[in-house]
Each structure stands twice: as C-alpha cells, then as structure tokens.
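One file, upload_36.csv, carrying CSV, C-alpha atoms and all ligand atoms:
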chain,number,residue,atom,x,y,z
E,1,MET,CA,112.1,99.3,58.4
E,2,VAL,CA,109.2,97.1,59.7
E,3,HIS,CA,110.1,93.6,60.8
E,4,ILE,CA,107.6,90.8,61.6
E,5,ARG,CA,108.8,88.2,64.0
E,6,GLN,CA,107.4,85.6,66.4
E,7,ALA,CA,106.8,86.8,69.9
E,8,THR,CA,108.7,85.2,72.7
E,9,THR,CA,108.1,85.2,76.5
E,10,ALA,CA,110.3,88.4,76.5
E,11,ASP,CA,107.5,90.2,74.7
E,12,ALA,CA,104.9,89.6,77.4
E,13,ALA,CA,104.9,93.2,78.8
E,14,ALA,CA,104.8,94.8,75.4
E,15,LEU,CA,102.0,92.5,74.3
E,16,ASP,CA,100.0,93.2,77.4
E,17,ASP,CA,100.2,96.9,76.6
E,18,MET,CA,99.0,96.4,73.0
E,19,VAL,CA,96.2,94.1,74.0
E,20,ARG,CA,95.0,96.7,76.5
E,21,GLU,CA,95.2,99.5,73.8
E,22,LEU,CA,93.2,97.4,71.4
E,23,ALA,CA,90.6,96.6,74.1
E,24,ALA,CA,90.3,100.2,75.1
E,25,HIS,CA,89.9,101.1,71.4
E,26,GLU,CA,87.0,98.7,71.3
E,27,GLY,CA,85.5,99.9,74.6
E,28,ASP,CA,86.1,96.4,76.1
E,29,LEU,CA,88.9,97.0,78.6
E,30,ASP,CA,86.9,95.5,81.5
E,31,HIS,CA,86.9,92.1,79.8
E,32,VAL,CA,90.7,91.9,79.6
E,33,LEU,CA,91.8,89.7,82.6
E,34,VAL,CA,95.1,88.5,81.2
E,35,ASP,CA,98.2,90.3,82.4
E,36,ALA,CA,101.9,90.4,81.5
E,37,ASN,CA,102.7,87.5,83.8
E,38,ARG,CA,100.0,85.3,82.3
E,39,TRP,CA,101.2,86.3,78.8
E,40,GLY,CA,104.6,85.0,79.7
E,41,GLN,CA,103.0,81.6,80.3
E,42,LEU,CA,100.8,81.8,77.3
E,43,LEU,CA,103.6,82.7,74.9
E,44,ALA,CA,105.5,79.5,76.0
E,45,ARG,CA,102.6,77.3,74.8
E,46,PRO,CA,103.1,75.7,71.4
E,47,ASP,CA,99.4,76.3,70.4
E,48,VAL,CA,99.7,80.1,71.0
E,49,ARG,CA,101.4,82.1,68.3
E,50,VAL,CA,101.8,85.8,68.4
E,51,LEU,CA,103.5,87.7,65.6
E,52,ILE,CA,104.9,91.1,66.4
E,53,ALA,CA,105.5,94.0,64.0
E,54,GLN,CA,108.4,96.1,65.1
E,55,ASP,CA,110.4,99.1,63.9
E,56,GLU,CA,113.3,101.0,65.4
E,57,SER,CA,110.8,102.4,68.0
E,58,GLY,CA,109.9,98.9,69.2
E,59,PRO,CA,106.7,96.9,68.8
E,60,ILE,CA,104.1,98.7,66.7
E,61,GLY,CA,101.5,95.9,66.1
E,62,PHE,CA,100.7,92.3,66.6
E,63,THR,CA,98.4,89.5,65.6
E,64,SER,CA,97.6,86.6,68.0
E,65,ILE,CA,96.6,83.1,66.8
E,66,VAL,CA,95.6,79.9,68.5
E,67,ARG,CA,96.2,76.6,66.7
E,68,ARG,CA,93.3,74.3,67.6
E,69,ILE,CA,91.5,71.2,66.5
E,70,HIS,CA,88.8,71.5,63.8
E,71,LEU,CA,86.5,68.5,64.4
E,72,TRP,CA,84.9,68.2,61.0
E,73,THR,CA,88.2,67.9,59.2
E,74,GLY,CA,89.9,66.1,62.1
E,75,GLY,CA,92.9,68.4,61.6
E,76,ASP,CA,93.9,71.7,63.0
E,77,LEU,CA,93.0,75.3,62.1
E,78,LEU,CA,94.5,78.6,63.0
E,79,ALA,CA,92.0,80.8,64.9
E,80,LEU,CA,93.0,84.4,64.5
E,81,ASP,CA,92.2,86.3,67.7
E,82,ASP,CA,93.5,89.9,67.4
E,83,LEU,CA,95.0,92.0,64.7
E,84,TYR,CA,96.3,95.4,65.9
E,85,VAL,CA,98.5,98.2,64.6
E,86,ARG,CA,99.2,101.1,66.9
E,87,PRO,CA,97.7,104.5,65.9
E,88,GLY,CA,100.3,106.6,64.0
E,89,HIS,CA,101.6,103.5,62.2
E,90,ARG,CA,98.3,102.6,60.4
E,91,ASP,CA,97.6,102.8,56.7
E,92,LYS,CA,101.2,101.9,55.8
E,93,GLY,CA,100.6,98.3,55.0
E,94,ILE,CA,101.7,96.9,58.4
E,95,GLY,CA,98.3,95.2,59.0
E,96,SER,CA,98.6,93.6,55.6
E,97,GLN,CA,102.2,92.5,56.4
E,98,LEU,CA,101.0,90.8,59.6
E,99,MET,CA,98.3,89.0,57.6
E,100,THR,CA,100.9,87.9,55.1
E,101,ALA,CA,102.9,86.4,58.0
E,102,VAL,CA,99.8,84.6,59.2
E,103,ALA,CA,99.3,83.2,55.7
E,104,ARG,CA,103.0,81.9,55.7
E,105,LEU,CA,102.5,80.3,59.0
E,106,ALA,CA,99.2,78.6,57.8
E,107,ALA,CA,100.8,77.5,54.5
E,108,GLU,CA,103.5,75.4,56.4
E,109,ASP,CA,100.7,72.9,57.3
E,110,ASN,CA,98.1,73.9,54.7
E,111,LEU,CA,95.7,75.0,57.6
E,112,LEU,CA,92.4,76.9,57.3
E,113,VAL,CA,92.6,80.4,59.0
E,114,GLN,CA,89.4,81.6,60.7
E,115,TRP,CA,88.5,84.8,62.4
E,116,GLY,CA,85.6,87.2,63.1
E,117,VAL,CA,84.9,90.8,62.1
E,118,ARG,CA,82.1,92.9,63.4
E,119,LEU,CA,79.3,93.6,60.9
E,120,ASP,CA,79.7,97.4,61.4
E,121,ASN,CA,83.5,97.3,60.8
E,122,HIS,CA,83.2,98.1,57.1
E,123,ALA,CA,86.9,99.1,56.8
E,124,GLY,CA,87.9,95.8,58.3
E,125,GLN,CA,85.7,93.9,55.9
E,126,ARG,CA,87.3,95.8,52.9
E,127,PHE,CA,90.7,95.1,54.3
E,128,TYR,CA,90.0,91.3,54.6
E,129,ALA,CA,88.2,91.1,51.2
E,130,ARG,CA,91.3,92.7,49.6
E,131,LEU,CA,93.4,89.9,51.0
E,132,GLY,CA,91.1,87.4,49.2
E,133,ALA,CA,89.4,86.1,52.4
E,134,SER,CA,85.8,84.8,52.4
E,135,LEU,CA,83.4,86.9,54.4
E,136,ASN,CA,80.2,85.1,55.6
E,137,THR,CA,77.7,86.3,58.2
E,138,LYS,CA,77.0,84.2,61.2
E,139,MET,CA,75.8,85.3,64.6
E,140,THR,CA,78.0,84.5,67.6
E,141,ALA,CA,76.2,83.1,70.7
E,142,SER,CA,77.8,83.0,74.1
E,143,TRP,CA,76.7,81.5,77.4
E,144,ALA,CA,78.3,83.3,80.4
E,145,PRO,CA,78.3,81.3,83.7
E,146,ALA,CA,75.6,83.5,85.2
E,147,GLN,CA,73.4,82.8,82.1
E,148,TYR,CA,73.7,79.0,82.0
E,149,ARG,CA,73.4,78.8,85.8
E,150,ARG,CA,70.0,80.6,85.4
E,151,HIS,CA,69.1,78.0,82.8
E,152,LEU,CA,70.2,75.2,85.1
E,153,ALA,CA,68.3,76.6,88.1
E,154,ALA,CA,65.2,76.8,85.8
E,155,VAL,CA,65.3,73.1,84.7
E,156,ARG,CA,66.1,71.7,88.1
W,201,LIG,C1,92.9,96.9,61.2
W,201,LIG,C2,94.3,97.4,61.3
W,201,LIG,C3,95.1,96.3,62.0
W,201,LIG,C4,94.9,97.6,59.9
W,201,LIG,O1,96.2,97.9,60.0
W,201,LIG,P1,97.0,98.9,59.0
W,201,LIG,O2,98.4,98.7,59.2
W,201,LIG,O3,96.4,100.2,59.0
W,201,LIG,O4,96.5,98.1,57.6
W,201,LIG,P2,97.1,98.4,56.2
W,201,LIG,O5,97.8,99.7,56.1
W,201,LIG,O6,97.7,97.2,55.7
W,201,LIG,O7,95.7,98.6,55.4
W,201,LIG,C5,94.9,99.8,55.6
W,201,LIG,C6,93.5,99.4,55.4
W,201,LIG,O8,92.9,98.8,56.5
W,201,LIG,C7,91.7,99.3,56.8
W,201,LIG,N1,91.2,99.0,58.1
W,201,LIG,C8,90.8,97.7,58.4
W,201,LIG,N2,90.2,97.7,59.6
W,201,LIG,C9,90.3,98.9,60.1
W,201,LIG,C10,89.9,99.5,61.3
W,201,LIG,N3,89.3,98.7,62.3
W,201,LIG,N4,90.1,100.8,61.6
W,201,LIG,C11,90.7,101.5,60.6
W,201,LIG,N5,91.1,101.0,59.4
W,201,LIG,C12,90.9,99.7,59.2
W,201,LIG,C13,91.9,100.8,56.5
W,201,LIG,O9,90.6,101.5,56.3
W,201,LIG,C14,92.6,100.7,55.1
W,201,LIG,O10,91.8,100.3,54.1
W,201,LIG,P3,91.0,101.4,53.2
W,201,LIG,O11,92.2,102.1,52.5
W,201,LIG,O12,90.2,100.6,52.3
W,201,LIG,O13,90.2,102.3,54.1
W,201,LIG,C15,94.4,98.7,62.1
W,201,LIG,O14,93.6,99.7,61.5
W,201,LIG,C16,94.0,98.6,63.6
W,201,LIG,O15,94.7,98.1,64.4
W,201,LIG,N6,92.7,98.9,63.8
W,201,LIG,C17,92.2,98.9,65.2
W,201,LIG,C18,91.9,97.4,65.6
W,201,LIG,C19,91.1,96.6,64.7
W,201,LIG,O16,90.1,97.1,64.2
W,201,LIG,N7,91.5,95.4,64.4
W,201,LIG,C20,90.8,94.5,63.4
W,201,LIG,C21,89.5,94.0,64.0
W,201,LIG,S1,88.7,93.0,62.8
Once you've parsed the file, please lay out its structure as structure tokens.
Amino acid sequence: MVHIRQATTADAAALDDMVRELAAHEGDLDHVLVDANRWGQLLARPDVRVLIAQDESGPIGFTSIVRRIHLWTGGDLLALDDLYVRPGHRDKGIGSQLMTAVARLAAEDNLLVQWGVRLDNHAGQRFYARLGASLNTKMTASWAPAQYRRHLAAVR
C-alpha cells in the first residue's frame, strides 16, 4: 500500500538521500549543497512543502514544492521543484499519485502550479500532458555570481 503524506523534520535524512539519488540520476550531484541538517530547517518552514510517498519499505518517492509570491497576480503560486520515484517503484502510478496530492494542496487555495521539464525529457512531457498540464517552451537563463561579477567588472 502506497501512502502519500506531508514530510516533517523527521524525514530530513530520507529526503536528503532521495534528493542525492535524483541529482545523481541527472548527473548533477555536484550542485547539491543542501544536507540532512539543512533539510531539517527547511522542512520547518511554512513555505516549503514536501510530500513523501511511502510503502511498508519506507519512503519511495517525493515531490518538493515552494509556495511563493506571483507578482502579476499579486497572489501566491506553488513552484514544483522535484518529482522523484525510486527505481524499482516506477511505472506503478506513484508519480501520478504524488501529482494528485500536489493538485489537492493547490486546490485548497486555488493556486497555479508551475514547474519545468527538460526539452529532451519526452517521457516526462507525456506524463505531464496526461495530467492535463499546459506545456510551453521557454528558455531558462541564469546568472551565476562569477558571471555577473564579470559583467560588473566590464561596466566599471
Ligand atoms: C518521473 C517519475 C517521477 C514518474 O514516476 P512513476 O511513478 O514512474 O510515474 P507513473 O507510474 O505515475 O507514470 C509512469 C509514466 O511516467 C513516465 N515518465 C515521466 N518522466 C519520466 C522519466 N524522467 N523517466 C522515466 N519515466 C518517466 C513513464 O515513461 C510513464 O509514462 P509512459 O507509460 O507514457 O512511458 C519517475 O520516472 C522518476 O522519478 N524519474 C526520474 C526523475 C525525473 O525524471 N523526474 C521528473 C523530472 S521532470
């Protein structure tokens, strides 16, 4: 039996493990700076929501969400950060159950839910399209400190 529940600070270590598994899966482990201790602090924040899928073996997946201001509407939105189901538990509808739990959370306050999916992640796009989500392309830009410092040095 799979059960979806809100994570508490007691889930910090399990969540840290799953975030690292997901980052390793995406070849991005070097960019994960958060640790279990920090997760303990983050999970205590009201704007950070993590839903955990669990069966008799323990946590088998999660989704992480940040509730934040959306300036054009003047209200809040739910920014979905990660969605992850452990290998061996995939293709059994657990990812869909986690998204259903996100929809329930959003419906409480009628909030928009927003997230990104890589252009080459066709399975992910199919998965989200089946849930009835809109898929629009938009490029993401980022300015790391070293990059904007180079810009600042150039305009000085
Ligand atoms: C995406 C993910 C959470 C789906 O969980 P799940 O429990 O297998 O989902 P469900 O059983 O409800 O649905 C299965 C569908 O999800 C698809 N899927 C979506 N994203 C996928 C991914 N990145 N890798 C593999 N399958 C994915 C499967 O292909 C399948 O659809 P299909 O039958 O059309 O191929 C899981 O595959 C996963 O953790 N993948 C690695 C992390 C990831 O890619 N996260 C999403 C980033 S946008």
Could you give me, as a tab-separated table, every chain E residue with an atom at most 8 Å from ligand LIG 201 (chain W), plus its closest atom pair and distance in Å to one decimal, counting all atoms listed in the file, rows ordered by chain then number?
residue	atom	partner	partner_atom	distance
E:Leu22	CA	W:LIG201	C18	5.9
E:His25	CA	W:LIG201	C17	7.0
E:Glu26	CA	W:LIG201	C18	7.6
E:Gly61	CA	W:LIG201	O15	7.3
E:Asp82	CA	W:LIG201	N7	6.6
E:Leu83	CA	W:LIG201	N7	4.9
E:Tyr84	CA	W:LIG201	O15	3.5
E:Val85	CA	W:LIG201	O15	3.8
E:Arg86	CA	W:LIG201	O15	6.0
E:Pro87	CA	W:LIG201	O15	7.2
E:His89	CA	W:LIG201	O2	6.5
E:Arg90	CA	W:LIG201	O3	3.4
E:Asp91	CA	W:LIG201	O5	3.2
E:Lys92	CA	W:LIG201	O5	4.1
E:Gly93	CA	W:LIG201	O6	3.2
E:Ile94	CA	W:LIG201	O2	3.8
E:Gly95	CA	W:LIG201	O2	3.5
E:Ser96	CA	W:LIG201	O6	3.7
E:Gln97	CA	W:LIG201	O6	6.5
E:Gly116	CA	W:LIG201	S1	6.6
E:Val117	CA	W:LIG201	S1	4.4
E:Arg118	CA	W:LIG201	S1	6.6
E:Asn121	CA	W:LIG201	N3	6.2
E:His122	CA	W:LIG201	N2	7.4
E:Ala123	CA	W:LIG201	O9	4.4
E:Gly124	CA	W:LIG201	N2	3.3
E:Gln125	CA	W:LIG201	C8	6.8
E:Arg126	CA	W:LIG201	O12	5.6
E:Phe127	CA	W:LIG201	O8	4.8
E:Tyr128	CA	W:LIG201	C8	7.5
**Request:** Have a look at CA of Ser134 (chain E) and CA of Leu80 (chain E) and let me know their distance in Å, one decimal.
**Result:** 14.1 Å
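If only C-alpha atoms are the atoms counted, then among E:Ala44, E:Leu112, E:Val34, E:Ala23 the closest residue to Gln6 (chain E) is E:Ala44.
Within 10 Å of region 102-105 of chain E, once all atoms listed in the file are used and residues closer than 2 positions along the same chain are dropped, the contacting residues are Arg49, Val50, Leu51, Thr63, Ser64, Ile65, Leu78, Leu80, Ser96, Gln97, Leu98, Met99, Thr100, Ala107, Glu108, Asp109, Asn110, Leu111, Leu112 and Val113 of chain E.
Among the candidates E:Ala153, E:Leu43, E:Val32, E:Leu119, the residue lying nearest to Thr8 (chain E) is E:Leu43 (atoms considered: all atoms listed in the file).
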